[in-house]
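Remarks on the structure that follows.
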Amino acid sequence: MNFLRNFGIAIDALLANKLRSGLTMLGIVIGVASVVALLSIGNGVQQSINSQITSIGTNLVTVVPGQVRIAAGPPTNQGIRAPTQTRPLTDADANAIRERVPNLLGVAPELTSNNVTVAFQREKILITARGVTVDYNRVRNLEIAQGRWFDAAEDERASRVAILGSDAADALFGGLNPIGQTIRISNAPFTVIGVTVPVGAGFAGNPDTSVFVPLQTAYRTISNARTATGARRVSVIYISALSSDDIPRVEREVTQVMRQQHAIREGEEDDFTVLTQQQFLSLAGSITGILTLFLGSIAGISLLVGGIGIMNIMLVSVTERTMEIGLRKAVGAKKRTILMQFLVETVTLSLIGGTFGILLGVGAALLVGATGIIATTITLESIVLAVSFSLAVGLFFGIYPANRAANLQPIEAVRYE
């Protein structure tokens, strides 16, 4: 018999036991739907993180204290490794980079203070205060939704002006216009001159839940952080190259300047790390890849359970149709024909279940994405993977029942009651 004939027999056999066939397919439907939905969520999260990183520009170079090793691979090969001696970054380091590294779009040191109290009238919130320079919004690609950014003169005079992140502005002012209002940061009065455009959280924190003040102002009112030698500390230094092609040169020259600043001799390890956006993307891809693999593995277990259900039902089907198998072999049906008949029946069961599973999985992914809580991205690869996996499950778990049916002896099968 050809494939179409076997397919017709498979459909007749499935329709003869509709409820049993439907319940058997349900395991495949749930498994395939889980694969499509969970992989879509994983892919969506990955793209969301990548877009957040690239939104601040591909020409960004970041200097952080200590040694941070970022590379694709297992989690044990990533993360922060503390050197034997860690020296903090200072505003003098930022000035040295600005003076000695040519052709830069900007250098923006940042002094970060977490859990700072910001108040307006009776409203009080705890947010991150960031002391930054006039170039910070340009280097970090921060846009102003209302008002303006502070200028160089305000930074030099340590003016008490502040720019609020969008979420911080909403929490303090609700629907009121914050521009020109007076807020208190660590009990010091500041005038709000701007509100940033929402950007969301990223590797460098969440600007939306932050308040930005001039760096010199931050030293006087929020955190007069100094090193043992009296130098003013900064938490991180952001550097913007003219283009992404300049990144290798800027990374190399910044490293040289920092080693000179920290008096690191040849052969000694750095007490700082220069990071690029590509390294952040590599780390994000590694983390989200592991997440997607984990989600896919969970969904794969559902398919495995569904495959066991198929094998169980097909074994029952072989037992019920022993007489039919015996008659077919008695009139000349070959072992290969019987084997193919039951394999096609199993694969048909898997493919029909897989089709409904794809529809259910796509619907679930779209529903989750519509909520706005988690981004989802449905890819052709995830659908092909789900279909291939369901087909493989059908073949794998259908071989044993089909082989058992093909090996039945005609006389014993005909005499079976």
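By order of appearance in the structure tokens: chains A, B, ..., then residues from 1 within every chain, and ligands from 1 in the order shown.
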
(message) I'd like the contact shell of Leu349 in chain A - 12 Å cut-off, only C-alpha atoms, skipping same-chain residues fewer than 3 positions apart - returned as a ChimeraX atom specification.
(response) /A:7,10-15,18,20-29,306-307,309-311,313-314,342-346,352-356,390-391,393-395,397-398

(message) Env of Gly296 in chain A: 8 Å cut, atoms = only C-alpha atoms, seq-sep filter 3 positions within chain, self excluded. Answer as a list in words.
(response) Val35, Leu38, Leu39, Thr292, Leu293, Ala299 and Gly300 of chain A

(message) Just the number, please: distance in Å from CA of Val101 in chain A to CA of Arg157 in chain A, one decimal.
(response) 26.6 Å

(request) For Tyr238 in chain A, please output as a VMD selection string all residues within 9 Å (counting only C-alpha atoms; exclusion window: fewer than 5 positions along the same chain). (result) chain A and resid 60 to 64 94 106 to 110 136 139 to 140

(request) Please report, as a PyMOL selection string, each residue of range 124-330 of chain A to which DSSP assigns strand (DSSP E or B) when run on this structure's backbone. (result) chain A and resi 124-132+144-147+161-164+182-185+188-196+202+205+210-214+226+232-234+236-241+272-276

File dump, residues just selected, C-alpha atoms, as an mmCIF file, in the first residue's frame:
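The result, stored in part_22.cif:
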```cif
data_model
loop_
_atom_site.group_PDB
_atom_site.id
_atom_site.type_symbol
_atom_site.label_atom_id
_atom_site.label_comp_id
_atom_site.auth_asym_id
_atom_site.auth_seq_id
_atom_site.Cartn_x
_atom_site.Cartn_y
_atom_site.Cartn_z
ATOM 1 C CA LYS A 124 8.325 60.910 49.500
ATOM 2 C CA ILE A 125 10.089 58.251 47.429
ATOM 3 C CA LEU A 126 13.375 56.361 47.614
ATOM 4 C CA ILE A 127 15.210 56.454 44.279
ATOM 5 C CA THR A 128 18.725 56.495 42.835
ATOM 6 C CA ALA A 129 20.444 59.879 42.721
ATOM 7 C CA ARG A 130 23.025 60.264 39.953
ATOM 8 C CA GLY A 131 25.596 63.038 39.997
ATOM 9 C CA VAL A 132 26.563 63.551 36.365
ATOM 10 C CA ILE A 144 14.413 65.236 27.542
ATOM 11 C CA ALA A 145 10.616 64.993 27.440
ATOM 12 C CA GLN A 146 10.008 68.254 29.342
ATOM 13 C CA GLY A 147 12.265 71.139 30.219
ATOM 14 C CA VAL A 161 18.927 71.875 39.756
ATOM 15 C CA ALA A 162 17.562 68.392 39.048
ATOM 16 C CA ILE A 163 16.258 66.309 36.152
ATOM 17 C CA LEU A 164 13.767 63.597 37.085
ATOM 18 C CA THR A 182 11.039 72.619 44.253
ATOM 19 C CA ILE A 183 11.851 69.153 45.542
ATOM 20 C CA ARG A 184 14.045 68.062 48.414
ATOM 21 C CA ILE A 185 16.866 65.586 47.804
ATOM 22 C CA ALA A 188 18.376 69.867 50.301
ATOM 23 C CA PRO A 189 16.094 71.996 48.049
ATOM 24 C CA PHE A 190 16.427 71.509 44.273
ATOM 25 C CA THR A 191 14.588 73.062 41.349
ATOM 26 C CA VAL A 192 13.262 70.632 38.756
ATOM 27 C CA ILE A 193 14.367 71.764 35.290
ATOM 28 C CA GLY A 194 13.677 68.617 33.219
ATOM 29 C CA VAL A 195 12.067 65.203 32.890
ATOM 30 C CA THR A 196 13.585 62.423 30.763
ATOM 31 C CA GLY A 202 19.045 48.077 31.645
ATOM 32 C CA GLY A 205 20.146 50.637 36.165
ATOM 33 C CA SER A 210 16.420 58.188 39.002
ATOM 34 C CA VAL A 211 17.096 61.843 39.671
ATOM 35 C CA PHE A 212 20.027 63.530 37.895
ATOM 36 C CA VAL A 213 21.931 66.463 39.409
ATOM 37 C CA PRO A 214 25.206 68.188 38.443
ATOM 38 C CA ARG A 226 36.450 60.663 48.500
ATOM 39 C CA ARG A 232 36.628 62.685 44.559
ATOM 40 C CA ARG A 233 35.228 59.299 43.671
ATOM 41 C CA VAL A 234 32.910 58.387 40.827
ATOM 42 C CA VAL A 236 31.466 54.671 36.665
ATOM 43 C CA ILE A 237 32.840 56.537 33.648
ATOM 44 C CA TYR A 238 30.935 56.498 30.341
ATOM 45 C CA ILE A 239 32.788 57.340 27.124
ATOM 46 C CA SER A 240 31.200 57.871 23.732
ATOM 47 C CA ALA A 241 33.327 57.233 20.652
ATOM 48 C CA PHE A 272 39.514 48.473 36.510
ATOM 49 C CA THR A 273 37.635 47.115 33.499
ATOM 50 C CA VAL A 274 36.858 48.737 30.153
ATOM 51 C CA LEU A 275 33.608 47.358 28.741
ATOM 52 C CA THR A 276 31.996 47.801 25.339
#
```

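The spacing separating CA of Asp270 in chain A from CA of Ala92 in chain A amounts to 17.3 Å.
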
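You can rank A:Val32, A:Val257, A:Leu104, A:Ala16 by their closest distance to Ser244 in chain A using only C-alpha atoms, and at the top of that list sits A:Leu104.
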
(request) Just the helix (DSSP H, G or I) stuff from range 45-266 of chain A, please, per backbone DSSP, written as a ChimeraX atom specification. (result) /A:45-55,75-77,91-100,136-139,152-156,166-173,207-209,215-221,244-261

Prev. selection, C-alpha atoms, output as a PDB file, in the first residue's frame:
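Wrote it out as result22.pdb, contents follow:
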```
ATOM      1  CA  VAL A  45      12.983  38.749  26.414  1.00  0.00           C
ATOM      2  CA  GLN A  46      16.269  38.414  24.523  1.00  0.00           C
ATOM      3  CA  GLN A  47      15.282  40.972  21.905  1.00  0.00           C
ATOM      4  CA  SER A  48      13.950  43.321  24.570  1.00  0.00           C
ATOM      5  CA  ILE A  49      17.230  43.248  26.501  1.00  0.00           C
ATOM      6  CA  ASN A  50      19.289  43.675  23.321  1.00  0.00           C
ATOM      7  CA  SER A  51      17.186  46.667  22.250  1.00  0.00           C
ATOM      8  CA  GLN A  52      17.668  48.275  25.671  1.00  0.00           C
ATOM      9  CA  ILE A  53      21.437  47.872  25.390  1.00  0.00           C
ATOM     10  CA  THR A  54      21.650  49.153  21.821  1.00  0.00           C
ATOM     11  CA  SER A  55      19.242  52.028  22.581  1.00  0.00           C
ATOM     12  CA  PRO A  75      27.693  31.032  33.810  1.00  0.00           C
ATOM     13  CA  THR A  76      30.831  29.846  35.643  1.00  0.00           C
ATOM     14  CA  ASN A  77      32.937  31.705  33.068  1.00  0.00           C
ATOM     15  CA  ASP A  91      36.856  62.439  38.571  1.00  0.00           C
ATOM     16  CA  ALA A  92      40.601  62.868  37.852  1.00  0.00           C
ATOM     17  CA  ASP A  93      40.464  59.614  35.850  1.00  0.00           C
ATOM     18  CA  ALA A  94      37.596  61.019  33.788  1.00  0.00           C
ATOM     19  CA  ASN A  95      39.468  64.266  33.175  1.00  0.00           C
ATOM     20  CA  ALA A  96      42.583  62.350  32.092  1.00  0.00           C
ATOM     21  CA  ILE A  97      40.582  60.343  29.581  1.00  0.00           C
ATOM     22  CA  ARG A  98      38.961  63.511  28.281  1.00  0.00           C
ATOM     23  CA  GLU A  99      42.355  65.197  27.812  1.00  0.00           C
ATOM     24  CA  ARG A 100      44.510  62.318  26.535  1.00  0.00           C
ATOM     25  CA  TYR A 136      25.916  62.735  30.328  1.00  0.00           C
ATOM     26  CA  ASN A 137      22.621  62.910  28.419  1.00  0.00           C
ATOM     27  CA  ARG A 138      24.451  62.998  25.078  1.00  0.00           C
ATOM     28  CA  VAL A 139      26.790  60.132  25.966  1.00  0.00           C
ATOM     29  CA  ALA A 152      28.260  73.670  32.170  1.00  0.00           C
ATOM     30  CA  ALA A 153      27.899  76.839  34.229  1.00  0.00           C
ATOM     31  CA  GLU A 154      25.325  75.209  36.506  1.00  0.00           C
ATOM     32  CA  ASP A 155      27.677  72.284  37.049  1.00  0.00           C
ATOM     33  CA  GLU A 156      30.628  74.560  37.847  1.00  0.00           C
ATOM     34  CA  SER A 166       9.790  59.721  34.013  1.00  0.00           C
ATOM     35  CA  ASP A 167       8.674  57.259  36.706  1.00  0.00           C
ATOM     36  CA  ALA A 168      10.091  59.408  39.484  1.00  0.00           C
ATOM     37  CA  ALA A 169       8.251  62.452  38.112  1.00  0.00           C
ATOM     38  CA  ASP A 170       4.973  60.522  37.976  1.00  0.00           C
ATOM     39  CA  ALA A 171       5.421  59.249  41.537  1.00  0.00           C
ATOM     40  CA  LEU A 172       6.101  62.731  42.917  1.00  0.00           C
ATOM     41  CA  PHE A 173       3.846  64.937  40.825  1.00  0.00           C
ATOM     42  CA  PRO A 207      17.061  56.051  34.459  1.00  0.00           C
ATOM     43  CA  ASP A 208      13.264  56.277  34.757  1.00  0.00           C
ATOM     44  CA  THR A 209      13.470  55.823  38.530  1.00  0.00           C
ATOM     45  CA  LEU A 215      28.223  66.225  39.652  1.00  0.00           C
ATOM     46  CA  GLN A 216      29.660  69.136  41.660  1.00  0.00           C
ATOM     47  CA  THR A 217      26.286  69.590  43.321  1.00  0.00           C
ATOM     48  CA  ALA A 218      26.146  65.902  44.200  1.00  0.00           C
ATOM     49  CA  TYR A 219      29.527  66.157  45.958  1.00  0.00           C
ATOM     50  CA  ARG A 220      28.240  68.998  48.152  1.00  0.00           C
ATOM     51  CA  THR A 221      24.722  67.844  48.959  1.00  0.00           C
ATOM     52  CA  SER A 244      31.370  52.057  16.431  1.00  0.00           C
ATOM     53  CA  ASP A 245      34.470  51.642  14.240  1.00  0.00           C
ATOM     54  CA  ASP A 246      36.466  53.658  16.792  1.00  0.00           C
ATOM     55  CA  ILE A 247      35.572  51.331  19.674  1.00  0.00           C
ATOM     56  CA  PRO A 248      38.752  49.141  19.518  1.00  0.00           C
ATOM     57  CA  ARG A 249      41.002  52.219  19.425  1.00  0.00           C
ATOM     58  CA  VAL A 250      39.132  53.961  22.240  1.00  0.00           C
ATOM     59  CA  GLU A 251      39.137  50.803  24.362  1.00  0.00           C
ATOM     60  CA  ARG A 252      42.900  50.424  23.899  1.00  0.00           C
ATOM     61  CA  GLU A 253      43.761  54.078  24.591  1.00  0.00           C
ATOM     62  CA  VAL A 254      41.443  54.352  27.590  1.00  0.00           C
ATOM     63  CA  THR A 255      43.095  51.273  29.085  1.00  0.00           C
ATOM     64  CA  GLN A 256      46.533  52.872  28.647  1.00  0.00           C
ATOM     65  CA  VAL A 257      45.421  56.120  30.282  1.00  0.00           C
ATOM     66  CA  MET A 258      43.799  54.317  33.200  1.00  0.00           C
ATOM     67  CA  ARG A 259      46.891  52.194  33.834  1.00  0.00           C
ATOM     68  CA  GLN A 260      48.967  55.391  33.944  1.00  0.00           C
ATOM     69  CA  GLN A 261      46.471  57.054  36.274  1.00  0.00           C
TER      70      GLN A 261
END
```

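What separates CA of Asp271 in chain A from CA of Asn103 in chain A is a distance of 25.2 Å.
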
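Counting only C-alpha atoms, the residue from A:His262, A:Val116, A:Asn177, A:Glu143 that sits nearest to Leu89 in chain A is A:His262.
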
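Among the candidates A:Leu105, A:Val118, A:Val36, A:Leu295, the one nearest to Ser243 in chain A when counting only C-alpha atoms is A:Leu105.
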